[in-house]
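K.L.:
Coordinates in start-v2.tsv, TSV, C-alpha atoms, are listed below.
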chain	number	residue	atom	x	y	z
L	141	MET	CA	-62.03	78.31	33.56
L	142	LYS	CA	-59.66	79.65	30.86
L	143	ASP	CA	-56.40	77.85	30.02
L	144	TYR	CA	-53.81	80.68	30.10
L	145	LYS	CA	-50.91	78.22	29.74
L	146	VAL	CA	-51.94	77.16	26.23
L	147	LYS	CA	-52.31	80.76	25.05
L	148	HIS	CA	-48.86	81.61	26.47
L	149	ILE	CA	-47.23	78.79	24.46
L	150	ALA	CA	-48.99	79.87	21.24
L	151	ARG	CA	-47.69	83.41	21.58
L	152	GLN	CA	-44.04	82.12	21.68
L	153	ALA	CA	-44.20	80.07	18.40
L	154	GLY	CA	-41.65	81.24	15.70
L	155	LEU	CA	-38.90	83.90	15.87
L	156	THR	CA	-39.30	87.56	16.57
L	157	LEU	CA	-37.81	90.10	14.13
L	158	ILE	CA	-34.95	90.81	16.52
L	159	GLU	CA	-34.14	87.12	16.92
L	160	LEU	CA	-34.24	86.60	13.13
L	161	THR	CA	-31.91	89.56	12.61
L	162	VAL	CA	-29.43	88.18	15.15
L	163	VAL	CA	-29.45	84.77	13.43
L	164	LEU	CA	-28.85	86.35	10.00
L	165	LEU	CA	-25.96	88.45	11.34
L	166	ILE	CA	-24.36	85.33	12.82
L	167	LEU	CA	-24.70	83.47	9.50
L	168	ILE	CA	-23.23	86.41	7.57
L	169	GLY	CA	-20.30	86.54	9.97
L	170	LEU	CA	-19.64	82.83	9.59
L	171	ALA	CA	-19.81	83.13	5.80
L	172	GLY	CA	-17.24	85.92	5.91
L	173	LEU	CA	-14.92	83.77	7.96
L	174	MET	CA	-15.26	80.87	5.51
L	175	LEU	CA	-14.62	82.82	2.29
L	176	PRO	CA	-10.80	82.87	2.59
L	177	TYR	CA	-10.81	79.13	3.19
L	178	VAL	CA	-13.01	78.54	0.13
L	179	GLY	CA	-10.61	80.60	-2.02
L	180	GLY	CA	-7.66	78.64	-0.67
L	181	PHE	CA	-9.45	75.40	-1.40
L	182	VAL	CA	-10.02	76.47	-5.03
L	183	ASP	CA	-6.34	77.44	-5.40
L	184	LYS	CA	-5.28	74.15	-3.84
L	185	THR	CA	-7.49	72.23	-6.27
L	186	HIS	CA	-6.10	74.14	-9.26
L	187	ASP	CA	-2.48	73.60	-8.17
L	188	SER	CA	-3.16	69.91	-7.65
L	189	ALA	CA	-4.75	69.64	-11.12
L	190	ASN	CA	-1.79	71.48	-12.67
L	191	SER	CA	0.65	69.06	-11.03
L	192	ASP	CA	-1.35	66.09	-12.26
L	193	SER	CA	-1.43	67.49	-15.81
L	194	LEU	CA	2.34	67.96	-15.88
L	195	VAL	CA	2.89	64.37	-14.77
L	196	GLU	CA	0.27	62.86	-17.08
L	197	VAL	CA	1.54	64.69	-20.19
L	198	SER	CA	5.12	63.69	-19.40
L	199	LYS	CA	4.06	60.05	-18.98
L	200	ALA	CA	2.06	60.19	-22.21
L	201	ILE	CA	5.10	61.41	-24.17
L	202	GLN	CA	7.25	58.64	-22.70
L	203	ARG	CA	4.58	55.99	-23.43
L	204	TYR	CA	4.31	57.25	-27.00
L	205	ASP	CA	8.07	56.88	-27.43
L	206	VAL	CA	7.94	53.27	-26.18
L	207	GLN	CA	4.85	52.23	-28.16
L	208	PHE	CA	5.55	54.04	-31.44
L	209	MET	CA	9.37	54.12	-31.36
L	210	GLY	CA	9.68	57.88	-31.51
L	211	GLN	CA	8.39	61.25	-30.37
L	212	PRO	CA	4.99	62.62	-31.47
L	213	SER	CA	4.65	65.08	-34.34
L	214	ASN	CA	2.32	68.08	-34.55
L	215	TYR	CA	3.12	69.84	-31.32
L	216	ASP	CA	2.07	73.50	-31.24
L	217	ALA	CA	5.22	75.18	-32.54
L	218	LEU	CA	4.86	78.38	-30.42
L	219	VAL	CA	6.01	80.27	-33.53
L	220	ASP	CA	3.92	81.29	-36.52
L	221	SER	CA	4.66	80.39	-40.14
L	222	THR	CA	7.16	83.29	-40.37
L	223	GLY	CA	9.13	82.15	-37.31
L	224	ALA	CA	7.80	84.84	-34.94
L	225	LEU	CA	7.02	83.86	-31.34
L	226	TYR	CA	3.34	83.43	-30.49
L	227	ASN	CA	2.32	86.77	-28.99
L	228	HIS	CA	-0.34	85.42	-26.61
L	229	MET	CA	1.89	83.71	-24.05
L	230	MET	CA	1.46	84.70	-20.38
L	231	GLY	CA	5.15	85.52	-20.11
L	232	THR	CA	7.73	86.53	-22.72
L	233	ALA	CA	11.05	86.76	-20.85
L	234	TYR	CA	11.61	83.00	-20.76
L	235	LEU	CA	11.17	82.39	-24.50
L	236	THR	CA	13.28	83.24	-27.54
L	237	THR	CA	13.73	81.88	-31.06
L	238	VAL	CA	16.64	79.76	-32.28
L	239	GLN	CA	17.76	78.18	-35.53
L	240	VAL	CA	17.65	74.39	-35.33
L	241	GLN	CA	18.84	71.83	-37.84
L	242	PRO	CA	15.69	69.81	-38.62
L	243	GLN	CA	17.50	66.46	-38.67
L	244	ALA	CA	17.85	66.60	-34.87
L	245	LEU	CA	14.04	66.45	-34.57
L	246	TYR	CA	13.36	64.22	-37.58
L	247	SER	CA	15.70	61.55	-36.24
L	248	VAL	CA	13.48	61.07	-33.16
L	249	GLY	CA	10.19	61.02	-35.06
L	250	ILE	CA	9.09	64.69	-35.01
L	251	ARG	CA	8.21	65.25	-38.67
L	252	SER	CA	5.97	68.32	-38.48
L	253	LEU	CA	4.86	71.10	-36.11
L	254	LEU	CA	1.72	73.24	-36.10
L	255	PRO	CA	2.24	76.99	-36.65
L	256	MET	CA	0.48	79.47	-34.37
L	257	ASN	CA	-2.32	81.86	-35.27
L	258	GLN	CA	-1.38	85.34	-34.05
L	259	ASP	CA	-4.97	86.55	-34.66
L	260	ALA	CA	-6.65	83.75	-32.69
L	261	VAL	CA	-9.85	84.78	-30.90
L	262	ASP	CA	-9.46	82.08	-28.27
L	263	LYS	CA	-5.75	82.13	-27.48
L	264	THR	CA	-5.61	78.48	-26.38
L	265	PHE	CA	-8.25	76.47	-28.23
L	266	ASP	CA	-7.84	78.37	-31.53
L	267	ALA	CA	-4.10	78.83	-31.19
L	268	VAL	CA	-3.12	76.81	-34.27
L	269	ASP	CA	-3.24	78.45	-37.71
L	270	THR	CA	-5.21	76.03	-39.88
L	271	THR	CA	-4.97	78.24	-42.99
L	272	VAL	CA	-1.30	77.38	-43.59
L	273	ALA	CA	0.59	74.12	-43.94
L	274	PRO	CA	2.31	72.57	-40.92
L	275	ILE	CA	5.98	73.38	-40.41
L	276	SER	CA	7.81	70.54	-42.15
L	277	ILE	CA	10.72	68.85	-40.36
L	278	ALA	CA	12.90	67.22	-43.00
L	279	ASN	CA	15.70	64.68	-42.80
L	280	THR	CA	18.32	67.28	-43.74
L	281	MET	CA	20.90	69.45	-42.05
L	282	MET	CA	19.82	72.62	-43.83
L	283	PRO	CA	17.96	74.84	-44.12
L	284	ALA	CA	17.58	75.43	-40.42
L	285	VAL	CA	14.11	75.94	-38.98
L	286	THR	CA	13.20	78.73	-36.55
L	287	LEU	CA	11.65	77.39	-33.33
L	288	ALA	CA	10.87	78.55	-29.79
L	289	ALA	CA	13.41	77.85	-27.05
L	290	LEU	CA	13.89	78.68	-23.38
L	291	ASN	CA	15.85	81.86	-22.89
L	292	VAL	CA	18.63	82.20	-20.32
L	293	ASP	CA	19.70	85.84	-20.00
L	294	ALA	CA	21.98	86.92	-17.16
L	295	GLY	CA	21.03	90.57	-17.69
L	296	CYS	CA	17.25	90.06	-17.62
L	297	THR	CA	15.42	91.72	-14.70
L	298	GLY	CA	11.71	91.39	-15.54
L	299	MET	CA	9.02	88.94	-14.47
L	300	GLY	CA	9.79	85.38	-15.51
L	301	CYS	CA	13.47	85.93	-16.27
L	302	ILE	CA	15.79	82.91	-16.25
L	303	THR	CA	19.20	84.34	-15.41
L	304	SER	CA	21.42	81.25	-15.31
L	305	ASP	CA	21.69	77.60	-16.27
L	306	ALA	CA	21.29	76.79	-12.57
L	307	ASP	CA	17.94	78.62	-12.51
L	308	LEU	CA	16.79	76.71	-15.57
L	309	ALA	CA	17.92	73.40	-14.06
L	310	LYS	CA	15.80	74.11	-10.98
L	311	ILE	CA	12.72	74.89	-13.08
L	312	LEU	CA	13.18	71.74	-15.15
L	313	GLY	CA	13.80	69.62	-12.07
L	314	ARG	CA	17.31	68.64	-13.21
L	315	PRO	CA	20.44	68.23	-11.10
L	316	ALA	CA	22.74	71.25	-10.94
L	317	GLY	CA	25.33	71.22	-13.71
L	318	THR	CA	23.29	69.13	-16.14
L	319	ILE	CA	21.79	72.08	-18.04
L	320	ASN	CA	24.18	73.81	-20.44
L	321	THR	CA	22.78	76.50	-22.74
L	322	THR	CA	26.20	77.14	-24.27
L	323	THR	CA	26.15	73.78	-26.01
L	324	ASN	CA	22.41	72.95	-26.10
L	325	ASP	CA	19.15	74.60	-27.06
L	326	TYR	CA	16.10	73.79	-24.95
L	327	LEU	CA	13.14	73.78	-27.32
L	328	ALA	CA	9.61	74.42	-26.08
L	329	PHE	CA	6.55	72.92	-27.79
L	330	GLY	CA	2.90	73.26	-26.80
L	331	VAL	CA	0.96	70.04	-26.27
L	332	GLY	CA	-2.24	70.95	-28.11
L	333	GLN	CA	-5.20	68.94	-29.31
L	334	GLY	CA	-3.48	68.35	-32.66
L	335	SER	CA	-0.55	66.54	-31.08
L	336	GLY	CA	0.13	63.09	-32.51
L	337	MET	CA	-0.22	61.46	-29.11
L	338	VAL	CA	-3.79	62.69	-28.47
L	339	GLY	CA	-6.10	59.71	-28.82
L	340	LYS	CA	-3.17	57.31	-28.51
L	341	THR	CA	-1.44	57.77	-25.17
L	342	ILE	CA	-3.56	60.64	-23.82
L	343	SER	CA	-7.25	61.27	-24.39
L	344	GLU	CA	-7.25	65.09	-24.38
L	345	ALA	CA	-4.63	67.83	-24.36
L	346	PRO	CA	-5.02	69.48	-20.94
L	347	VAL	CA	-4.88	73.14	-20.03
L	348	HIS	CA	-3.48	74.54	-16.81
L	349	PHE	CA	-5.44	76.84	-14.52
L	350	ALA	CA	-4.43	80.50	-14.44
L	351	LYS	CA	-4.67	82.56	-11.26
L	352	THR	CA	-6.69	85.39	-12.81
L	353	GLY	CA	-9.33	85.75	-15.50
L	354	ALA	CA	-7.03	87.95	-17.57
L	355	MET	CA	-4.70	84.97	-17.91
L	356	SER	CA	-7.44	82.43	-18.66
L	357	ALA	CA	-7.39	80.05	-21.63
L	358	ALA	CA	-9.46	82.46	-23.71
L	359	ASN	CA	-6.99	85.32	-23.21
L	360	LYS	CA	-3.60	83.59	-22.96
L	361	TYR	CA	-2.04	80.32	-24.06
L	362	ASN	CA	-2.69	77.79	-21.31
L	363	ARG	CA	-1.35	74.53	-22.72
L	364	ILE	CA	1.37	72.39	-21.11
L	365	LEU	CA	4.81	72.73	-22.74
L	366	ALA	CA	7.10	69.81	-23.63
L	367	ILE	CA	10.82	70.66	-23.32
L	368	TYR	CA	13.41	69.03	-25.60
L	369	GLN	CA	17.19	69.32	-25.38
L	370	VAL	CA	18.93	69.68	-28.75
L	371	PRO	CA	22.70	69.96	-29.21
L	372	LYS	CA	23.58	73.24	-30.88
L	373	ALA	CA	24.86	73.01	-34.41
L	374	ASN	CA	28.59	73.40	-34.99
L	375	THR	CA	29.73	73.27	-31.39
L	376	CYS	CA	32.70	71.43	-29.93
L	377	ILE	CA	32.56	70.20	-26.36
L	378	ALA	CA	35.74	70.22	-24.28
L	379	ALA	CA	36.71	67.54	-21.80
L	380	ASN	CA	35.74	69.92	-18.99
L	381	GLY	CA	32.24	70.30	-20.44
L	382	GLN	CA	32.82	73.79	-21.83
L	383	GLY	CA	31.51	74.48	-25.30
L	384	PHE	CA	33.01	76.63	-28.03
L	385	ASP	CA	32.13	77.36	-31.65
L	386	THR	CA	35.26	79.21	-32.76
L	387	TYR	CA	39.01	78.73	-32.45
L	388	TRP	CA	42.16	80.55	-33.58
L	389	ASP	CA	43.65	79.51	-36.89
L	390	PRO	CA	46.28	76.82	-36.11
L	391	ASP	CA	48.67	78.60	-38.44
L	392	THR	CA	48.64	81.64	-36.21
L	393	ALA	CA	51.60	81.46	-33.87
L	394	ASN	CA	50.13	83.65	-31.17
L	395	ALA	CA	46.37	84.10	-30.86
L	396	GLY	CA	45.43	87.68	-30.12
L	397	ALA	CA	44.72	90.95	-31.83
L	398	GLY	CA	44.62	90.55	-35.60
L	399	ALA	CA	44.69	86.75	-35.53
L	400	THR	CA	42.34	84.83	-37.81
L	401	SER	CA	39.52	82.92	-36.19
L	402	VAL	CA	37.75	79.86	-37.58
L	403	ASN	CA	34.10	78.99	-37.01
L	404	ILE	CA	33.34	75.36	-36.26
L	405	ALA	CA	31.62	73.95	-39.33
L	406	ASN	CA	31.86	70.19	-39.01
L	407	GLU	CA	33.24	67.34	-36.97
L	408	GLY	CA	36.62	67.60	-38.66
L	409	ASP	CA	37.03	71.16	-37.41
L	410	CYS	CA	36.68	69.90	-33.83
L	411	THR	CA	39.42	67.36	-34.45
L	412	THR	CA	41.67	70.07	-35.91
L	413	ALA	CA	40.88	72.44	-33.06
L	414	ALA	CA	41.84	69.77	-30.54
L	415	SER	CA	45.39	69.85	-31.86
L	416	VAL	CA	45.76	73.57	-31.24
L	417	ALA	CA	47.38	74.89	-28.09
L	418	ASP	CA	44.88	75.49	-25.30
L	419	ALA	CA	45.59	79.22	-25.18
L	420	GLU	CA	44.48	79.56	-28.78
L	421	PHE	CA	40.88	78.61	-28.06
L	422	TYR	CA	38.12	80.96	-27.08
L	423	ASP	CA	34.56	80.09	-26.22
L	424	SER	CA	31.15	81.51	-27.13
L	425	VAL	CA	30.84	83.29	-23.79
L	426	GLY	CA	34.33	84.55	-23.10
L	427	GLY	CA	35.03	86.09	-26.48
L	428	ALA	CA	38.24	86.37	-28.47
L	429	GLY	CA	41.58	86.50	-26.71
L	430	THR	CA	40.40	85.44	-23.25
L	431	GLY	CA	42.92	82.61	-23.08
L	432	VAL	CA	40.39	80.09	-21.77
L	433	THR	CA	41.92	76.68	-21.17
L	434	ILE	CA	39.71	74.12	-22.84
L	435	GLY	CA	41.79	70.99	-23.30
L	436	ALA	CA	40.92	67.94	-25.36
L	437	THR	CA	37.69	68.12	-27.33
L	438	THR	CA	34.99	65.81	-28.58
L	439	TRP	CA	32.40	66.53	-31.24
L	440	SER	CA	28.85	67.23	-30.10
L	441	GLY	CA	26.87	68.86	-32.85
L	442	ASN	CA	23.64	68.16	-34.67
L	443	MET	CA	25.42	65.96	-37.20
L	444	GLN	CA	25.36	63.34	-34.43
L	445	GLY	CA	23.14	64.88	-31.78
L	446	LYS	CA	19.42	64.11	-31.48
L	447	ALA	CA	16.60	65.87	-29.70
L	448	LYS	CA	15.91	64.46	-26.25
L	449	PHE	CA	12.69	64.88	-24.29
L	450	LEU	CA	13.37	66.28	-20.82
L	451	THR	CA	10.18	67.27	-19.01
L	452	THR	CA	6.98	69.31	-19.05
L	453	VAL	CA	6.37	72.84	-17.73
L	454	MET	CA	3.57	75.40	-17.47
L	455	PRO	CA	4.03	78.73	-19.31
L	456	MET	CA	2.59	81.09	-16.70
L	457	MET	CA	3.91	84.60	-15.93
L	458	LYS	CA	7.06	82.71	-15.10
L	459	LEU	CA	7.94	79.21	-16.21
L	460	GLU	CA	6.78	76.62	-13.69
L	461	GLY	CA	7.78	72.98	-13.53
L	462	LEU	CA	6.44	70.17	-11.39
L	463	GLY	CA	8.44	71.31	-8.37
L	464	GLY	CA	6.91	74.78	-8.52
L	465	ALA	CA	3.39	73.43	-8.93
L	466	LEU	CA	3.80	71.10	-5.96
L	467	SER	CA	5.28	73.91	-3.87
L	468	ASN	CA	2.25	76.11	-4.60
L	469	HIS	CA	-0.06	73.22	-3.73
L	470	TYR	CA	1.48	72.67	-0.30
L	471	GLN	CA	1.65	76.38	0.41
L	472	ASN	CA	-2.10	76.58	-0.17
L	473	VAL	CA	-2.63	73.53	2.03
L	474	ASP	CA	-0.66	75.13	4.86
L	475	GLY	CA	-2.44	78.44	4.33
What do you get writing this file as structure tokens?
P.N.:
Amino acid sequence: MKDYKVKHIARQAGLTLIELTVVLLILIGLAGLMLPYVGGFVDKTHDSANSDSLVEVSKAIQRYDVQFMGQPSNYDALVDSTGALYNHMMGTAYLTTVQVQPQALYSVGIRSLLPMNQDAVDKTFDAVDTTVAPISIANTMMPAVTLAALNVDAGCTGMGCITSDADLAKILGRPAGTINTTTNDYLAFGVGQGSGMVGKTISEAPVHFAKTGAMSAANKYNRILAIYQVPKANTCIAANGQGFDTYWDPDTANAGAGATSVNIANEGDCTTAASVADAEFYDSVGGAGTGVTIGATTWSGNMQGKAKFLTTVMPMMKLEGLGGALSNHYQNVDG
């Protein structure tokens, strides 16, 4: 007698073509549903790594200051040997060039900076121009050296614009009112592999992760930036915190049209200016004849001022500090 049951079971082993097709369609559908989550996970990981890099570089600079009694030399200058801004930054609106008295940097231990290579093939790892000498920072007031600084421009409307001191304070993670671009420059240096702290307080100079391949380390500068506050040369600071670099000649009875103005040149000029009637002052922003009340003054120029490390930021399409990086991280987590 034949065993039909056994033959029936054998015929059902494996999947039919229709069943296999259904299974594949289900797997493809599930993969499609997971792709957005995978992308979000990658973004979240990058944002987290960026935040960690900002914190670690900041800590490394502070440790270097404690251990070696000063700030590290050989930051990437972000300008070339002629003083021109490095033309491979992700954004351009938030940077400008300023003239800085070298003594302000020398006095805190920054003795040299590495000039940028405008023709670099790899815009991050080959960013430094090794064919020219480092930019020397001497223990002198003059000549001034041209360096990169953060740019606050109230009339700027493009991507990455910083339109006020309040905006800059938010980016730098500083309390409102503590950032004053009238009386201070905010220098920006790249923390590259040539930095004096690499191998001492940090093992490698990190890069941050760009959102697109066009902004990757090969195509744009992806190093972390160290921000230093430097008092502007020849500036007097009023009791109300307002800065000015010019005042009306004390011998002029009534400041106004045709009156002679005097540029602040040294500490003594601030003392002289303090004895002039308030109405005879004008500030760098208001212009001549505005009648700004300034009041008693104190000297705050580079003859006494020193560079001061503030924080670290990422030079993306717009400048991003730790707060921005953390915000992006949590947005990706929620998403």
K.L.:
Could you check which of L:Glu159, L:Asp325, L:Asp192, L:Asp259 is closest to Leu462 of chain L, using only C-alpha atoms?
P.N.:
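Smallest distance to Leu462 of chain L is found for L:Asp192.
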K.L.:
Got a sec: who's within 7 Å of Asp269 of chain L, counting all atoms listed in the file, leaving out chain neighbours fewer than 6 positions off, as a ChimeraX atom specification?
P.N.:
/L:255-257
K.L.:
Name all residues at most 8 Å from Phe329 of chain L (count only C-alpha atoms; drop same-chain ones fewer than 3 positions away) and give them as a list in words.
P.N.:
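Returned residues: Tyr215, Asp216, Ala217, Leu218, Ala288, Leu365, Ala366 and Ile367 of chain L.
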K.L.:
When you look at Asn374 of chain L with a cut-off of 7 Å (counting all atoms listed in the file), what residues show up, excluding the ones that are within fewer than 2 positions of it in the same chain? I need them as a list in words.
P.N.:
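Selected residues are Lys372, Cys376, Asp385, Ile404, Ala405, Asn406 and Gly441 of chain L.
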K.L.:
Pick the closest to Asn324 of chain L from L:Glu344, L:Asp409, L:Asp305, L:Asp220: which is it, counting all atoms listed in the file?
P.N.:
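Answer, going by the shortest atom-to-atom distance: L:Asp305.
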K.L.:
Which polymer residues have any atom within 8 Å of an atom of segment 238-249 of chain L, counting all atoms listed in the file, with same-chain residues fewer than 5 positions away left out, as a list in words?
P.N.:
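The residues that qualify are Met209, Gly210, Gln211, Pro212, Ser213, Ile277, Ala278, Asn279, Thr280, Met281, Met282, Pro283, Ala284, Val285, Thr286, Leu287, Ala288, Ala289, Asp325, Val370, Lys372, Ala373, Asn442, Met443, Gly445, Lys446 and Ala447 of chain L.
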K.L.:
What is the distance, in Å and to one decimal place, between atom CA of Met355 of chain L and atom CA of Leu194 of chain L?
P.N.:
18.5 Å
K.L.:
Between atom CA of Pro371 of chain L and atom CA of Phe384 of chain L, what is the distance in Å, rounded to a tenth?
P.N.:
12.3 Å
K.L.:
Could you work out how far atom CA of Thr375 of chain L lies from atom CA of Thr437 of chain L, giving the answer in Å with one decimal?
P.N.:
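Spanning atom CA of Thr437 of chain L to atom CA of Thr375 of chain L is a straight-line distance of 10.3 Å.
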K.L.:
Considering all atoms listed in the file, state which residue in the set L:Val261, L:Ala350, L:Ala273, L:Cys296 is at the smallest distance from Asn214 of chain L.
P.N.:
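That would be L:Ala273, the residue with the smallest distance to Asn214 of chain L.
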K.L.:
Find, counting all atoms listed in the file, the residue in L:Leu450, L:Ala354, L:Ala267, L:Cys301 that gets nearest to Met230 of chain L.
P.N.:
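The closest residue to Met230 of chain L is L:Ala354.
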K.L.:
What's the 8 Å shell around Arg363 of chain L, counting all atoms listed in the file, without same-chain residues fewer than 3 positions away, as JSON, numbers by chain?
P.N.:
{"L": [264, 330, 331, 332, 345, 346, 347, 348, 454, 455]}
K.L.:
L:Arg203, L:Ser193, L:Ile275, L:Glu460: which is nearest Gly223 of chain L, counting all atoms listed in the file?
P.N.:
L:Ile275
K.L.:
Which is closest to Leu253 of chain L among L:Ala189, L:Ala328, L:Gly295, L:Thr236, if we use all atoms listed in the file?
P.N.:
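Smallest distance to Leu253 of chain L is found for L:Ala328.
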